[in-house]
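Contents: one structure, followed by commentary.
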Amino acid sequence: MSIIINAVILLAILGFFAGAFLAFAEKKFEVKEDVRVIFAENLLPGINCGACGYPGCSGFAKAFVKGEVKPDGCLPGKRQGVPDRLAKLSKMSDEELNKIWEEIGENPEKIKEKF
C-alpha cells in the first residue's frame with residue numbers, strides 16, 4: 001500500500017514541476033506578433049487568392065508592413081477600398097494602433113469597423 005502512495009506522491013511532484021517548467025517556457029519563449037500585421041491582414045478581403053504574388057493575405061500583410069509592397073497590391077481588395085485603408089494604417093503611429101487594439105478588446109474581427 002505504501003508503494004502506491006509513494007508512486008502517487010512522486011507523480012504529483014513530477015507533474016507539478018513539469019507544469020511549472022512549461023509555464024515558464026511559455027512566457028520565456030513567447031512570440032509577440034506585430035499589431036500592424038494583424039491590422040493589415042484583417043483589412044484585406046481574406047480570400048487568399050495569391051493575385052498579389054504572395055501566398056495568401058497573411059503573406060501580403062507581412063510584406064506590406066515591411067514596406068515591400070504598395071497598398072494597391074491587393075487586386076481583389078481594390079473594389080472594397082483596401083488601398084485607402086492600408087494607406088491610413090501606414091500613417092498611424094504605434095500608440096494609435098495599440099489604443100485601437102485595446103478598444104476593440106484584441107478582437108481582430110472588429111478592425112474593419114475602425115477604418
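In the C-alpha cells, chains take letters A, B, ... by order of appearance, with residues numbered from 1 within each chain and ligands from 1 in the order shown.
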Got a sec to tell me which of range 17-114 of chain A DSSP assigns to alpha helix (DSSP H), as number ranges by chain?
A: 17-28, 35-43, 57-66, 82-91, 94-103, 111-114
Fewer than 5 positions away in the same chain doesn't count, so skip those; otherwise give me all residues within 12 Å of Leu89 in chain A, counting only C-alpha atoms, as a PyMOL selection string.
chain A and resi 35-44+61+64-65+71+82-84+94+96-97+100+111-112+114-115
From A:Ala7, A:Leu86, A:Ala63, A:Leu14, residue lying nearest Pro45 in chain A [only C-alpha atoms]:
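The closest residue to Pro45 in chain A is A:Leu86.
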